[in-house]
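Engineer: Hey, dropping upload_39.txt in here, compact mmCIF, C-alpha atoms:
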# COMPACT_ATOMS: atom_id res chain seq x y z
CA MET J 35 -98.01 217.71 117.45
CA THR J 36 -94.94 217.41 119.65
CA GLN J 37 -91.19 217.20 119.26
CA GLU J 38 -91.40 213.60 120.47
CA LEU J 39 -93.78 212.70 117.63
CA TRP J 40 -91.66 214.56 115.03
CA THR J 41 -88.61 212.62 116.20
CA GLU J 42 -90.38 209.25 116.10
CA VAL J 43 -91.67 209.88 112.57
CA ASP J 44 -88.24 211.13 111.47
CA HIS J 45 -86.63 207.95 112.79
CA TYR J 46 -89.28 205.86 111.02
CA ILE J 47 -88.60 207.58 107.68
CA THR J 48 -84.83 207.49 108.14
CA ASP J 49 -84.84 203.79 109.01
CA LEU J 50 -86.83 203.05 105.84
CA LEU J 51 -85.33 205.44 103.30
CA VAL J 52 -81.93 206.53 104.63
CA PRO J 53 -80.28 203.33 105.88
CA ALA J 54 -77.25 203.40 108.11
CA ASP J 55 -74.12 204.53 106.29
CA PRO J 56 -70.76 203.82 107.96
CA VAL J 57 -69.05 206.75 106.20
CA LEU J 58 -71.66 209.29 107.21
CA ASP J 59 -71.91 207.82 110.71
CA LYS J 60 -68.13 208.17 111.11
CA THR J 61 -68.36 211.75 109.82
CA LEU J 62 -70.79 212.64 112.59
CA GLN J 63 -68.74 210.77 115.19
CA ALA J 64 -65.51 212.49 114.16
CA SER J 65 -67.18 215.90 114.18
CA ASP J 66 -68.60 215.27 117.64
CA ALA J 67 -65.25 214.01 118.96
CA ALA J 68 -63.59 217.18 117.66
CA GLY J 69 -66.08 219.32 119.55
CA LEU J 70 -67.89 220.74 116.52
CA PRO J 71 -71.41 222.04 117.21
CA PRO J 72 -74.22 219.65 116.14
CA HIS J 73 -75.53 221.96 113.44
CA ASN J 74 -75.31 219.55 110.51
CA VAL J 75 -78.40 218.77 108.48
CA SER J 76 -80.37 215.66 109.44
CA PRO J 77 -79.93 212.44 107.41
CA ASN J 78 -83.26 213.02 105.67
CA GLN J 79 -82.28 216.56 104.77
CA GLY J 80 -78.86 215.42 103.57
CA LYS J 81 -80.46 212.91 101.25
CA LEU J 82 -82.88 215.58 100.05
CA LEU J 83 -79.92 217.76 99.09
CA MET J 84 -78.35 214.86 97.23
CA LEU J 85 -81.59 214.11 95.39
CA LEU J 86 -82.04 217.75 94.41
CA ALA J 87 -78.50 217.82 93.05
CA LEU J 88 -79.15 214.59 91.13
CA ILE J 89 -82.47 215.83 89.74
CA HIS J 90 -80.78 219.06 88.69
CA LYS J 91 -77.88 217.12 87.15
CA ALA J 92 -75.50 219.42 88.99
CA HIS J 93 -71.94 219.38 87.72
CA THR J 94 -70.61 222.23 89.88
CA ILE J 95 -71.72 222.96 93.44
CA LEU J 96 -70.87 225.75 95.87
CA GLU J 97 -71.50 225.24 99.57
CA ILE J 98 -71.32 228.20 101.94
CA GLY J 99 -70.68 226.73 105.39
CA THR J 100 -68.87 223.39 105.69
CA LEU J 101 -68.82 222.54 109.41
CA GLY J 102 -67.70 218.88 109.52
CA GLY J 103 -68.48 218.12 105.89
CA TYR J 104 -71.64 216.08 106.46
CA SER J 105 -73.80 217.95 103.95
CA THR J 106 -70.73 218.30 101.72
CA ILE J 107 -70.50 214.52 101.42
CA TRP J 108 -74.19 214.18 100.62
CA LEU J 109 -73.92 216.80 97.87
CA ALA J 110 -70.65 215.48 96.45
CA ARG J 111 -72.16 212.01 96.10
CA ALA J 112 -74.51 213.47 93.49
CA LEU J 113 -71.68 214.74 91.28
CA PRO J 114 -70.46 213.04 88.10
CA VAL J 115 -66.88 211.78 87.99
CA ASP J 116 -65.68 215.09 86.55
CA GLY J 117 -67.81 217.25 88.84
CA HIS J 118 -66.50 219.80 91.31
CA LEU J 119 -67.70 221.08 94.68
CA ILE J 120 -66.20 224.07 96.47
CA THR J 121 -67.12 224.45 100.12
CA LEU J 122 -66.30 227.53 102.20
CA GLU J 123 -65.51 227.34 105.92
CA SER J 124 -64.33 230.19 108.15
CA ASN J 125 -63.08 228.05 111.04
CA PRO J 126 -59.73 226.32 110.34
CA LYS J 127 -60.44 223.55 112.86
CA HIS J 128 -63.80 222.81 111.25
CA ALA J 129 -62.17 222.82 107.83
CA GLU J 130 -59.51 220.35 108.97
CA VAL J 131 -62.12 217.95 110.38
CA ALA J 132 -64.21 218.31 107.23
CA SER J 133 -61.24 217.61 104.96
CA GLU J 134 -60.49 214.42 106.88
CA ASN J 135 -64.14 213.34 106.69
CA ILE J 136 -64.33 214.08 102.97
CA ALA J 137 -61.12 212.15 102.30
CA ARG J 138 -62.42 209.19 104.33
CA ALA J 139 -65.55 209.26 102.18
CA GLY J 140 -63.38 208.93 99.05
CA LEU J 141 -64.50 212.30 97.70
CA ALA J 142 -61.37 214.44 98.04
CA HIS J 143 -60.88 214.43 94.28
CA LEU J 144 -64.27 216.12 93.83
CA VAL J 145 -64.24 218.53 96.76
CA GLU J 146 -62.18 221.64 97.46
CA VAL J 147 -62.34 223.08 101.00
CA ARG J 148 -61.49 226.78 101.14
CA VAL J 149 -60.72 228.32 104.52
CA GLY J 150 -61.64 231.90 105.35
CA ARG J 151 -64.64 234.10 105.96
CA ALA J 152 -67.09 233.50 103.13
CA ILE J 153 -67.62 237.21 102.69
CA GLU J 154 -63.94 237.31 101.68
CA THR J 155 -63.61 234.02 99.77
CA LEU J 156 -66.73 234.60 97.66
CA PRO J 157 -65.19 237.62 95.86
CA GLN J 158 -62.10 235.48 95.23
CA LEU J 159 -64.26 232.93 93.43
CA ALA J 160 -65.68 235.69 91.26
CA ASN J 161 -62.19 236.92 90.47
CA GLU J 162 -61.23 233.39 89.43
CA GLY J 163 -64.06 233.33 86.91
CA TYR J 164 -66.61 231.25 88.77
CA ASN J 165 -69.98 232.59 87.66
CA SER J 166 -72.16 229.62 86.80
CA PHE J 167 -72.45 227.12 89.65
CA ASP J 168 -75.29 224.68 89.02
CA LEU J 169 -76.28 224.49 92.70
CA ILE J 170 -75.45 226.71 95.68
CA PHE J 171 -76.22 225.64 99.26
CA ILE J 172 -76.21 228.37 101.92
CA ASP J 173 -75.81 227.12 105.50
CA ALA J 174 -73.51 229.47 107.38
CA ASP J 175 -73.94 232.39 109.80
CA LYS J 176 -77.50 233.61 109.36
CA PRO J 177 -76.91 237.38 109.84
CA SER J 178 -74.84 237.27 106.63
CA ASN J 179 -77.46 235.43 104.56
CA PRO J 180 -78.43 238.57 102.61
CA GLU J 181 -74.81 239.01 101.51
CA TYR J 182 -74.48 235.31 100.71
CA PHE J 183 -77.60 235.47 98.57
CA ALA J 184 -76.23 238.46 96.66
CA TRP J 185 -73.03 236.53 95.95
CA ALA J 186 -74.99 233.41 95.04
CA LEU J 187 -76.70 235.41 92.31
CA LYS J 188 -73.36 236.69 91.02
CA LEU J 189 -71.93 233.17 90.93
CA SER J 190 -74.93 231.53 89.26
CA ARG J 191 -76.63 231.48 85.86
CA ARG J 192 -80.09 230.99 84.46
CA GLY J 193 -81.28 227.63 85.76
CA SER J 194 -79.02 227.52 88.84
CA LEU J 195 -80.56 226.24 92.06
CA ILE J 196 -80.03 228.16 95.31
CA ILE J 197 -80.95 226.43 98.59
CA ALA J 198 -80.78 227.94 102.07
CA ASP J 199 -81.21 226.13 105.38
CA ASN J 200 -82.70 227.32 108.69
CA VAL J 201 -85.11 229.90 107.27
CA VAL J 202 -87.90 229.33 109.83
CA ARG J 203 -85.91 229.13 113.09
CA ASN J 204 -88.57 227.48 115.22
CA GLY J 205 -91.13 229.98 113.96
CA SER J 206 -89.26 233.05 115.18
CA VAL J 207 -88.90 234.25 111.57
CA ILE J 208 -92.35 235.87 111.87
CA GLU J 209 -91.16 238.11 114.73
CA ALA J 210 -90.53 241.40 112.96
CA ASN J 211 -89.18 243.06 116.11
CA SER J 212 -86.88 240.20 117.14
CA ASP J 213 -83.53 241.32 118.56
CA ASP J 214 -81.89 238.10 117.35
CA PRO J 215 -79.41 238.93 114.53
CA SER J 216 -79.96 235.50 113.00
CA VAL J 217 -83.71 236.04 112.80
CA GLN J 218 -83.25 239.46 111.27
CA GLY J 219 -80.71 238.07 108.80
CA ILE J 220 -83.16 235.38 107.69
CA ARG J 221 -86.03 237.87 107.47
CA ARG J 222 -83.95 240.12 105.22
CA PHE J 223 -82.90 237.13 103.14
CA ASN J 224 -86.53 236.07 102.69
CA GLU J 225 -87.48 239.60 101.72
CA LEU J 226 -84.71 239.65 99.12
CA LEU J 227 -85.98 236.34 97.72
CA ALA J 228 -89.45 237.84 97.41
CA SER J 229 -88.30 241.02 95.69
CA GLU J 230 -85.57 239.61 93.41
CA PRO J 231 -86.89 239.46 89.82
CA ARG J 232 -84.15 237.06 88.72
CA VAL J 233 -85.38 234.14 90.83
CA SER J 234 -88.51 232.12 91.43
CA ALA J 235 -88.53 230.93 95.04
CA THR J 236 -90.47 229.31 97.81
CA ALA J 237 -89.82 228.05 101.34
CA ILE J 238 -91.02 224.95 103.13
CA GLN J 239 -91.35 224.31 106.85
CA THR J 240 -89.67 221.17 108.20
CA VAL J 241 -90.09 219.19 111.41
CA ASP J 242 -87.72 216.40 112.38
CA ASN J 243 -85.49 215.16 115.18
CA LYS J 244 -83.69 218.53 115.13
CA GLY J 245 -86.86 220.54 115.69
CA TYR J 246 -88.87 223.02 113.66
CA ASP J 247 -87.21 224.89 110.81
CA GLY J 248 -87.27 225.13 107.02
CA PHE J 249 -85.56 225.34 103.64
CA ALA J 250 -85.76 228.07 101.01
CA ILE J 251 -85.39 226.98 97.40
CA ALA J 252 -84.89 229.34 94.47
CA VAL J 253 -84.31 228.84 90.76
CA VAL J 254 -82.47 231.56 88.87
CA THR J 255 -84.76 232.46 86.00
CA SER J 256 -82.65 235.01 84.12
CA ASP J 257 -79.03 235.71 83.51
CA ASN J 258 -77.12 238.21 85.63
CA SER J 259 -77.32 241.76 84.40
As structure tokens, please, write out the structure in this file.
Structural biologist:
Amino acid sequence: MTQELWTEVDHYITDLLVPADPVLDKTLQASDAAGLPPHNVSPNQGKLLMLLALIHKAHTILEIGTLGGYSTIWLARALPVDGHLITLESNPKHAEVASENIARAGLAHLVEVRVGRAIETLPQLANEGYNSFDLIFIDADKPSNPEYFAWALKLSRRGSLIIADNVVRNGSVIEANSDDPSVQGIRRFNELLASEPRVSATAIQTVDNKGYDGFAIAVVTSDNS
């Protein structure tokens, strides 16, 4: 198994099941032109997020980590006409690009982009009474994943779906003595998933044109206490 083979298979699947989309293509082009890092989910992963939101009949979605809004658009496309998605982005430039991309996609009426460090904007959501998001997608700085997970629990309810990206990190997640803060953040996050009695969770490894990584998926099984 090689990266070349993963990429070829990913292109095969994408060509069949995730046809070219001018809006999403323009989103990636605009993000690249603005100098944003290429850390967005792949097309297959974006469609997976949309399908999970559709299956879950999500009405409210929280996204932690916006970047250029690529995954935001996928998720927002799953919302009903009166749905609402709040996405948190710490970098003002990224947030500006994302807002333009979301507006171009015709989804500005469903999506609210909040600018600021998530560790600061998450408590604001709690203070505003948000405590029952249907779906929460975590894809921001990995050292803070344990804190993001704690807030995800506070902002969810029984039946909420919590999804986190990049939980395998090319296999380095098994390196207990890694000096990489991102690896240690993911390891702690995974340990919290395993020990948290209020969720039922698993993680899957993924290989695609972006390399070797994985998703964690958790369902909240009891109300906050």
Engineer: Please provide the set of residues having any atom within 12 Å of Gln239 in chain J, restricted to only C-alpha atoms, with same-chain residues fewer than 2 positions apart removed, written as a list in words.
Structural biologist: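 The filter keeps Asp199, Asn200, Val201, Val202, Arg203, Asn204, Gly205, Val207, Thr236, Ala237, Val241, Asp242, Gly245, Tyr246, Asp247, Gly248, Phe249, Ala250 and Ile251 of chain J.
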Engineer: Export C-alpha atoms of the chosen residues as an mmCIF file, keeping the file's coordinate frame?
Structural biologist:
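Contents of the output file part00.cif:
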data_model
loop_
_atom_site.group_PDB
_atom_site.id
_atom_site.type_symbol
_atom_site.label_atom_id
_atom_site.label_comp_id
_atom_site.auth_asym_id
_atom_site.auth_seq_id
_atom_site.Cartn_x
_atom_site.Cartn_y
_atom_site.Cartn_z
ATOM 1 C CA ASP J 199 -81.210 226.130 105.380
ATOM 2 C CA ASN J 200 -82.700 227.320 108.690
ATOM 3 C CA VAL J 201 -85.110 229.900 107.270
ATOM 4 C CA VAL J 202 -87.900 229.330 109.830
ATOM 5 C CA ARG J 203 -85.910 229.130 113.090
ATOM 6 C CA ASN J 204 -88.570 227.480 115.220
ATOM 7 C CA GLY J 205 -91.130 229.980 113.960
ATOM 8 C CA VAL J 207 -88.900 234.250 111.570
ATOM 9 C CA THR J 236 -90.470 229.310 97.810
ATOM 10 C CA ALA J 237 -89.820 228.050 101.340
ATOM 11 C CA VAL J 241 -90.090 219.190 111.410
ATOM 12 C CA ASP J 242 -87.720 216.400 112.380
ATOM 13 C CA GLY J 245 -86.860 220.540 115.690
ATOM 14 C CA TYR J 246 -88.870 223.020 113.660
ATOM 15 C CA ASP J 247 -87.210 224.890 110.810
ATOM 16 C CA GLY J 248 -87.270 225.130 107.020
ATOM 17 C CA PHE J 249 -85.560 225.340 103.640
ATOM 18 C CA ALA J 250 -85.760 228.070 101.010
ATOM 19 C CA ILE J 251 -85.390 226.980 97.400
#
Engineer: Smallest atom-to-atom distance to Ala252 in chain J: which of J:Asn224, J:Thr48, J:Ser65, J:Ser105, using all atoms listed in the file?
Structural biologist: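 Answer, going by the shortest atom-to-atom distance: J:Asn224.
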Engineer: Write out as lines of an AutoDock Vina configuration file an axis-aligned box for range 144-153 of chain J: all of its atoms listed in the file, 6 Å added on each side, centre and edge lengths in Å with one decimal.
Structural biologist:
center_x = -64.2
center_y = 226.7
center_z = 99.9
size_x = 18.9
size_y = 33.1
size_z = 24.1
Engineer: For a quick check of understanding, using all atoms listed in the file, which of J:Ser216, J:Ser178, J:Ser124, J:Asn135 has the smallest distance to Thr155 in chain J?
Structural biologist: J:Ser124
Engineer: Could you work out how far CA of Thr36 in chain J lies from CA of Asp49 in chain J, giving the answer in Å with one decimal?
Structural biologist: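 Interatomic distance here is 20.0 Å.
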Engineer: Looking at all atoms listed in the file, which of J:Met84, J:Val57, J:Val147, J:Ala186 is the one that sits closest to Asn165 in chain J?
Structural biologist: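 Result for the nearest residue to Asn165 in chain J: J:Ala186.
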Engineer: Calculate how many Å separate CA of Leu189 in chain J from CA of Leu70 in chain J, rounding to one decimal.
Structural biologist: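 Taking CA of Leu189 in chain J as the start and CA of Leu70 in chain J as the end point, the length is 28.7 Å.
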Engineer: Quick one: residues within 10 Å of His45 in chain J, all atoms listed in the file, excluding same-chain residues fewer than 6 positions away - as a PDB file with C-alpha atoms, in the frame of the given file?
Structural biologist:
ATOM      1  CA  LEU J  39     -93.780 212.700 117.630  1.00  0.00           C
ATOM      2  CA  LEU J  51     -85.330 205.440 103.300  1.00  0.00           C
ATOM      3  CA  VAL J  52     -81.930 206.530 104.630  1.00  0.00           C
ATOM      4  CA  PRO J  77     -79.930 212.440 107.410  1.00  0.00           C
ATOM      5  CA  ASN J  78     -83.260 213.020 105.670  1.00  0.00           C
ATOM      6  CA  ASP J 242     -87.720 216.400 112.380  1.00  0.00           C
ATOM      7  CA  ASN J 243     -85.490 215.160 115.180  1.00  0.00           C
TER       8      ASN J 243
END
Engineer: Select, from J:Ile196, J:Ala137, J:Ile220, J:Ile153, the residue with the minimum atom-to-atom distance to Pro177 in chain J, counting all atoms listed in the file.
Structural biologist: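 Between J:Ile196, J:Ala137, J:Ile220, J:Ile153, the residue approaching Pro177 in chain J most closely is J:Ile220.
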Engineer: Add whatever atoms are absent from range 146-171 of chain J to reach N, CA, C and O atoms, and provide the output as a PDB file, keeping the file's coordinate frame.
Structural biologist:
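Resulting contents of selection-v6.pdb:
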ATOM      1  N   GLU J 146     -63.219 220.682  97.075  1.00  0.00           N
ATOM      2  CA  GLU J 146     -62.180 221.640  97.460  1.00  0.00           C
ATOM      3  C   GLU J 146     -62.688 222.430  98.668  1.00  0.00           C
ATOM      4  O   GLU J 146     -63.722 223.089  98.588  1.00  0.00           O
ATOM      5  N   VAL J 147     -61.978 222.333  99.783  1.00  0.00           N
ATOM      6  CA  VAL J 147     -62.340 223.080 101.000  1.00  0.00           C
ATOM      7  C   VAL J 147     -61.508 224.351 101.041  1.00  0.00           C
ATOM      8  O   VAL J 147     -60.274 224.299 101.058  1.00  0.00           O
ATOM      9  N   ARG J 148     -62.189 225.494 101.054  1.00  0.00           N
ATOM     10  CA  ARG J 148     -61.490 226.780 101.140  1.00  0.00           C
ATOM     11  C   ARG J 148     -61.730 227.379 102.523  1.00  0.00           C
ATOM     12  O   ARG J 148     -62.879 227.484 102.977  1.00  0.00           O
ATOM     13  N   VAL J 149     -60.645 227.804 103.159  1.00  0.00           N
ATOM     14  CA  VAL J 149     -60.720 228.320 104.520  1.00  0.00           C
ATOM     15  C   VAL J 149     -60.679 229.840 104.500  1.00  0.00           C
ATOM     16  O   VAL J 149     -59.851 230.446 103.809  1.00  0.00           O
ATOM     17  N   GLY J 150     -61.566 230.446 105.264  1.00  0.00           N
ATOM     18  CA  GLY J 150     -61.640 231.900 105.350  1.00  0.00           C
ATOM     19  C   GLY J 150     -63.079 232.349 105.441  1.00  0.00           C
ATOM     20  O   GLY J 150     -64.002 231.577 105.148  1.00  0.00           O
ATOM     21  N   ARG J 151     -63.283 233.567 105.870  1.00  0.00           N
ATOM     22  CA  ARG J 151     -64.640 234.100 105.960  1.00  0.00           C
ATOM     23  C   ARG J 151     -65.251 234.129 104.560  1.00  0.00           C
ATOM     24  O   ARG J 151     -64.638 234.623 103.603  1.00  0.00           O
ATOM     25  N   ALA J 152     -66.456 233.593 104.449  1.00  0.00           N
ATOM     26  CA  ALA J 152     -67.090 233.500 103.130  1.00  0.00           C
ATOM     27  C   ALA J 152     -67.226 234.852 102.463  1.00  0.00           C
ATOM     28  O   ALA J 152     -67.121 234.961 101.241  1.00  0.00           O
ATOM     29  N   ILE J 153     -67.449 235.878 103.265  1.00  0.00           N
ATOM     30  CA  ILE J 153     -67.620 237.210 102.690  1.00  0.00           C
ATOM     31  C   ILE J 153     -66.337 237.673 102.007  1.00  0.00           C
ATOM     32  O   ILE J 153     -66.365 238.607 101.185  1.00  0.00           O
ATOM     33  N   GLU J 154     -65.203 237.004 102.326  1.00  0.00           N
ATOM     34  CA  GLU J 154     -63.940 237.310 101.680  1.00  0.00           C
ATOM     35  C   GLU J 154     -63.591 236.299 100.589  1.00  0.00           C
ATOM     36  O   GLU J 154     -62.978 236.669  99.572  1.00  0.00           O
ATOM     37  N   THR J 155     -63.947 235.043 100.772  1.00  0.00           N
ATOM     38  CA  THR J 155     -63.610 234.020  99.770  1.00  0.00           C
ATOM     39  C   THR J 155     -64.582 234.043  98.588  1.00  0.00           C
ATOM     40  O   THR J 155     -64.195 233.637  97.484  1.00  0.00           O
ATOM     41  N   LEU J 156     -65.792 234.518  98.776  1.00  0.00           N
ATOM     42  CA  LEU J 156     -66.730 234.600  97.660  1.00  0.00           C
ATOM     43  C   LEU J 156     -66.241 235.553  96.565  1.00  0.00           C
ATOM     44  O   LEU J 156     -66.280 235.201  95.375  1.00  0.00           O
ATOM     45  N   PRO J 157     -65.747 236.759  96.912  1.00  0.00           N
ATOM     46  CA  PRO J 157     -65.190 237.620  95.860  1.00  0.00           C
ATOM     47  C   PRO J 157     -64.006 236.976  95.145  1.00  0.00           C
ATOM     48  O   PRO J 157     -63.800 237.209  93.944  1.00  0.00           O
ATOM     49  N   GLN J 158     -63.232 236.159  95.865  1.00  0.00           N
ATOM     50  CA  GLN J 158     -62.100 235.480  95.230  1.00  0.00           C
ATOM     51  C   GLN J 158     -62.589 234.516  94.151  1.00  0.00           C
ATOM     52  O   GLN J 158     -61.983 234.409  93.077  1.00  0.00           O
ATOM     53  N   LEU J 159     -63.697 233.830  94.438  1.00  0.00           N
ATOM     54  CA  LEU J 159     -64.260 232.930  93.430  1.00  0.00           C
ATOM     55  C   LEU J 159     -64.658 233.704  92.178  1.00  0.00           C
ATOM     56  O   LEU J 159     -64.409 233.261  91.050  1.00  0.00           O
ATOM     57  N   ALA J 160     -65.289 234.867  92.400  1.00  0.00           N
ATOM     58  CA  ALA J 160     -65.680 235.690  91.260  1.00  0.00           C
ATOM     59  C   ALA J 160     -64.468 236.126  90.453  1.00  0.00           C
ATOM     60  O   ALA J 160     -64.486 236.105  89.216  1.00  0.00           O
ATOM     61  N   ASN J 161     -63.402 236.494  91.158  1.00  0.00           N
ATOM     62  CA  ASN J 161     -62.190 236.920  90.470  1.00  0.00           C
ATOM     63  C   ASN J 161     -61.536 235.793  89.684  1.00  0.00           C
ATOM     64  O   ASN J 161     -60.821 236.034  88.708  1.00  0.00           O
ATOM     65  N   GLU J 162     -61.790 234.556  90.116  1.00  0.00           N
ATOM     66  CA  GLU J 162     -61.230 233.390  89.430  1.00  0.00           C
ATOM     67  C   GLU J 162     -62.110 232.944  88.260  1.00  0.00           C
ATOM     68  O   GLU J 162     -61.785 231.965  87.585  1.00  0.00           O
ATOM     69  N   GLY J 163     -63.208 233.645  88.053  1.00  0.00           N
ATOM     70  CA  GLY J 163     -64.060 233.330  86.910  1.00  0.00           C
ATOM     71  C   GLY J 163     -65.211 232.408  87.179  1.00  0.00           C
ATOM     72  O   GLY J 163     -65.910 231.986  86.246  1.00  0.00           O
ATOM     73  N   TYR J 164     -65.447 232.076  88.452  1.00  0.00           N
ATOM     74  CA  TYR J 164     -66.610 231.250  88.770  1.00  0.00           C
ATOM     75  C   TYR J 164     -67.867 232.108  88.699  1.00  0.00           C
ATOM     76  O   TYR J 164     -68.020 233.061  89.467  1.00  0.00           O
ATOM     77  N   ASN J 165     -68.757 231.794  87.795  1.00  0.00           N
ATOM     78  CA  ASN J 165     -69.980 232.590  87.660  1.00  0.00           C
ATOM     79  C   ASN J 165     -71.171 231.759  87.195  1.00  0.00           C
ATOM     80  O   ASN J 165     -72.174 232.313  86.744  1.00  0.00           O
ATOM     81  N   SER J 166     -71.053 230.436  87.301  1.00  0.00           N
ATOM     82  CA  SER J 166     -72.160 229.620  86.800  1.00  0.00           C
ATOM     83  C   SER J 166     -72.295 228.290  87.540  1.00  0.00           C
ATOM     84  O   SER J 166     -72.417 227.229  86.934  1.00  0.00           O
ATOM     85  N   PHE J 167     -72.223 228.341  88.875  1.00  0.00           N
ATOM     86  CA  PHE J 167     -72.450 227.120  89.650  1.00  0.00           C
ATOM     87  C   PHE J 167     -73.864 226.600  89.361  1.00  0.00           C
ATOM     88  O   PHE J 167     -74.828 227.363  89.261  1.00  0.00           O
ATOM     89  N   ASP J 168     -73.986 225.285  89.262  1.00  0.00           N
ATOM     90  CA  ASP J 168     -75.290 224.680  89.020  1.00  0.00           C
ATOM     91  C   ASP J 168     -76.169 224.708  90.269  1.00  0.00           C
ATOM     92  O   ASP J 168     -77.389 224.849  90.182  1.00  0.00           O
ATOM     93  N   LEU J 169     -75.547 224.532  91.435  1.00  0.00           N
ATOM     94  CA  LEU J 169     -76.280 224.490  92.700  1.00  0.00           C
ATOM     95  C   LEU J 169     -75.455 225.192  93.765  1.00  0.00           C
ATOM     96  O   LEU J 169     -74.236 224.976  93.850  1.00  0.00           O
ATOM     97  N   ILE J 170     -76.110 226.002  94.580  1.00  0.00           N
ATOM     98  CA  ILE J 170     -75.450 226.710  95.680  1.00  0.00           C
ATOM     99  C   ILE J 170     -76.254 226.449  96.947  1.00  0.00           C
ATOM    100  O   ILE J 170     -77.468 226.685  96.984  1.00  0.00           O
ATOM    101  N   PHE J 171     -75.575 225.941  97.975  1.00  0.00           N
ATOM    102  CA  PHE J 171     -76.220 225.640  99.260  1.00  0.00           C
ATOM    103  C   PHE J 171     -75.687 226.600 100.304  1.00  0.00           C
ATOM    104  O   PHE J 171     -74.483 226.646 100.561  1.00  0.00           O
TER     105      PHE J 171
END
